[in-house]
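First up is the structure itself, then whatever we jot down about it.
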Amino acid sequence: MSSHTKSFKVPFWAQIIAGLVLGVLLGWLARSQDLSWLVTTLEKVGDTFIGLLKLAVAPLVFFAILVSITNLRKVNNAARLASRTLLWFMATSLIAVSIGLVIGLLTNPGAGTGLTPKDGAKPDDTGSWIDFLTGIVPTDVITPFTELNVLQIVFMAAVAGIAALQLGERAQPILALSESVLELLQKALWWVIRLAPLGTVGLIGNAIATYGWDLIGKYATFTADIYVGCLIVLFGVYPTLLATVAKVNPVQFFKGAWPAIQLAFVSRSSVGTMPLTQKVTERLGVPKEYASFAVPFGATTKMDGCAAIYPAIAAIFVAQIFDIQLGVGDYLLIAFVSVVGSAATAGLTGATVMLTLTLSTLGLPMEGVGLLLAIDPILDMIRTATNVAGQALIPVLVSARENLLDREAYATADGSSLDEPREAQAEQVPAAA
């Protein structure tokens with residue numbers, strides 16, 4: 001393709017923004033003119049896009065985790081890298097939940113909403129520590145894939161990966177097959193990701209057509225709290241860590257990671273965004289062998305938006321609606337659940353499991369979940385964008401601290417180059433040391 005032709009190619013980020021704007025306009029039109037056929041069309045387009053993403057989730061998670069664990073054998077100080085990654089996951093989650101608690105206490109999100117306990121309803125499925133711990137181990141190898149129980153899939157993949165490491169060379173044929181299957185899945189999912197602008201039109205349009213602005217008005221303080229909390233973490237905490245811990249330019253991080261953050265905002269799925277997140281993380285100079293471990297690990301366990309900021313503010317909101325006083329011990333419990341229990345969210349759309357886990361730990365009424373389900377799609381966009389930014393951030397921090405980061409690649413990372421096919425990129429990405 002000539003350079004003249006390339007110059008007219010619309011960048012991926014611009015396609016996403018165009019889809020966002022068109023979706024808002026079509027959603028407003030459908031609601032204001034009561035066009036049921038347009039609402040149905042927008043809903044089907046959005047649901048089809050999410051369905052395509054979810055179609056690849058189960059096998060993608062399994063092979064990504066399996067391959068990521070076995071890839072650690074190629075990295076020096078693998079145990080040190082893994083432990084540092086986990087520690088930074090926990091540290092940033094603690095910071096995020098603290099910000100959520102402060103915002104919730106300062107703004108009283110449950111006050112003046114007009115909502116009462118009667119407006120709530122118990123969810124069909126609730127989370128508790130017993131359910132969480134016993135639910136990790138599957139009863140068979142098929143059900144987790146058919147019911148999309150990501151946590152159980154992660155468990156099986158981790159066991160298979162560790163077993164493969166123990167077998168050594170004898171497991172090489174299985175590892176080669178797993179790597180090929182993972183490449184195939186990522187290629188197929190990349191085609192789905194290319195449909196994101198169209199999916200954006202359907203998802204945003206349907207949200208506006210279904211809920212309108214009235215719903216946001218009723219939950220105005222709560223919605224603002226979630227967005228402000230996530231934005232503080234995104235553009236306050238993360239840049240500070242990049243500048244002080246990694247000693248790199250924060251603006252450059254967002255330039256490189258922006259395609260993944262955008263897709264996360266639209267798709268509301270950390271796992272669905274995972275191939276793009278890994279790609280931008282490698283573009284930012286993180287060695288491929290380490291990125292292929294840290295990003296899949298983060299996509300299923302690193303949830304600053306869904307598992308830290310959101311449950312902290314939501315717990316305060318529910319307590320205020322039900323007129324229950326929370327004490328210092330309760331706030332410490334919220335922080336504990338956020339730091340330790342974030343794996344329960346497992347990278348899927350929504351954070352209901354994490355919320356029910358938090359409410360059950362505090363002894364708050366489960367009916368509080370029903371109060372928040374209607375507004376959840378609007379909140380989930382910024383929550384997932386925050387999740388994915390954190391999943392790209394931690395590998396950069398750890399790589400920089402361990403002197404593994406390719407700082408030249410980081411300084412020249414440009415998200416627009418991700419529009420190119422994988423094969424063309426392969427020639428440009430330097431091999432990891």
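Naming works like this for the structure tokens: A, B, ... for the chains as they're shown, residue 1 at the start of each chain, ligands 1 onward in shown order.
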12 Å contact set for A:Leu72, only C-alpha atoms, chain neighbours under 3 positions out, as a ChimeraX atom specification: /A:65-69,75-82,161-162,164-165,287-294
Export of prior selection with N, CA and C atoms as a compact mmCIF listing (two decimals), in the first residue's frame:
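Saved the output as again_3.txt:
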# COMPACT_ATOMS: atom_id res chain seq x y z
N ILE A 65 -3.19 -17.99 30.28
CA ILE A 65 -2.61 -18.24 31.60
C ILE A 65 -1.60 -19.37 31.54
N LEU A 66 -1.96 -20.46 30.85
CA LEU A 66 -1.04 -21.61 30.74
C LEU A 66 0.28 -21.18 30.09
N VAL A 67 0.18 -20.51 28.95
CA VAL A 67 1.39 -20.08 28.24
C VAL A 67 2.15 -19.04 29.03
N SER A 68 1.44 -18.14 29.72
CA SER A 68 2.13 -17.08 30.47
C SER A 68 2.95 -17.67 31.61
N ILE A 69 2.42 -18.68 32.28
CA ILE A 69 3.17 -19.31 33.37
C ILE A 69 4.41 -20.02 32.83
N VAL A 75 12.46 -16.17 31.51
CA VAL A 75 12.82 -14.90 32.12
C VAL A 75 13.69 -15.13 33.33
N ASN A 76 14.76 -14.35 33.44
CA ASN A 76 15.60 -14.42 34.63
C ASN A 76 14.82 -13.88 35.83
N ASN A 77 15.06 -14.48 37.00
CA ASN A 77 14.40 -14.04 38.24
C ASN A 77 12.87 -14.08 38.09
N ALA A 78 12.35 -15.18 37.53
CA ALA A 78 10.91 -15.28 37.29
C ALA A 78 10.11 -15.16 38.58
N ALA A 79 10.56 -15.83 39.64
CA ALA A 79 9.83 -15.78 40.91
C ALA A 79 9.81 -14.36 41.46
N ARG A 80 10.93 -13.67 41.32
CA ARG A 80 11.00 -12.28 41.79
C ARG A 80 10.04 -11.39 41.00
N LEU A 81 10.01 -11.57 39.68
CA LEU A 81 9.11 -10.77 38.85
C LEU A 81 7.65 -11.04 39.20
N ALA A 82 7.30 -12.31 39.39
CA ALA A 82 5.93 -12.67 39.72
C ALA A 82 5.52 -12.07 41.06
N GLY A 161 -0.21 -25.22 33.76
CA GLY A 161 1.05 -24.52 33.50
C GLY A 161 2.16 -24.95 34.44
N ILE A 162 1.83 -25.07 35.72
CA ILE A 162 2.83 -25.51 36.71
C ILE A 162 3.25 -26.95 36.43
N ALA A 164 3.26 -28.42 33.54
CA ALA A 164 4.10 -28.40 32.34
C ALA A 164 5.53 -27.98 32.69
N LEU A 165 5.67 -27.02 33.59
CA LEU A 165 7.01 -26.61 34.02
C LEU A 165 7.73 -27.77 34.71
N PRO A 287 9.43 -6.48 28.13
CA PRO A 287 9.82 -7.71 27.42
C PRO A 287 8.63 -8.63 27.19
N LYS A 288 8.55 -9.22 26.00
CA LYS A 288 7.41 -10.02 25.61
C LYS A 288 7.18 -11.18 26.58
N GLU A 289 8.28 -11.85 27.02
CA GLU A 289 8.13 -13.00 27.90
C GLU A 289 7.47 -12.59 29.22
N TYR A 290 7.83 -11.42 29.74
CA TYR A 290 7.23 -10.96 30.99
C TYR A 290 5.82 -10.43 30.76
N ALA A 291 5.61 -9.70 29.67
CA ALA A 291 4.28 -9.15 29.36
C ALA A 291 3.27 -10.27 29.17
N SER A 292 3.70 -11.38 28.56
CA SER A 292 2.79 -12.49 28.30
C SER A 292 2.38 -13.20 29.59
N PHE A 293 3.10 -12.93 30.68
CA PHE A 293 2.67 -13.41 32.00
C PHE A 293 1.85 -12.36 32.73
N ALA A 294 2.37 -11.14 32.79
CA ALA A 294 1.77 -10.11 33.64
C ALA A 294 0.40 -9.65 33.14
Non-local contacts of A:Ala400 (9 Å; only C-alpha atoms; under 4 positions in same chain excluded) as a list in words: Val245, Ala246, Lys247, Val248, Val286, Pro395, Val396, Leu404, Leu405, Asp406 and Arg407 of chain A
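Candidate residues A:Ser93, A:Gln391, A:Gln325, A:Gln152 were compared for distance to A:Thr281, and the nearest is A:Gln391, using only C-alpha atoms.
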DSSP helix (DSSP H, G or I) residues within stretch 250-308 of chain A, listed as a ChimeraX atom specification: /A:250-267,270-283,288-301,305-308
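By chain and then residue number, the residues within 7 Å of stretch 333-335 of chain A are Leu94, Val97, Ala312, Gly329, Asp330, Ser338, Val339 and Thr358 of chain A, counting only C-alpha atoms and disregarding those fewer than 3 positions away in sequence.
If you measure from each of A:Gly229, A:Met381, A:Leu203, A:Asp323 to A:Thr40 using only C-alpha atoms, the closest one turns out to be A:Leu203.
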Who sits within 9 Å of stretch 251-256 of chain A, only C-alpha atoms, same chain under 4 positions skipped, as a PyMOL selection string: chain A and resi 239+242+260-261+280-281+283-284+389+393+396+410-416
Selected residue of minimal separation from A:Ala319 among A:Asp140, A:Leu184, A:Gln278, A:Asn108, counting only C-alpha atoms: A:Asn108
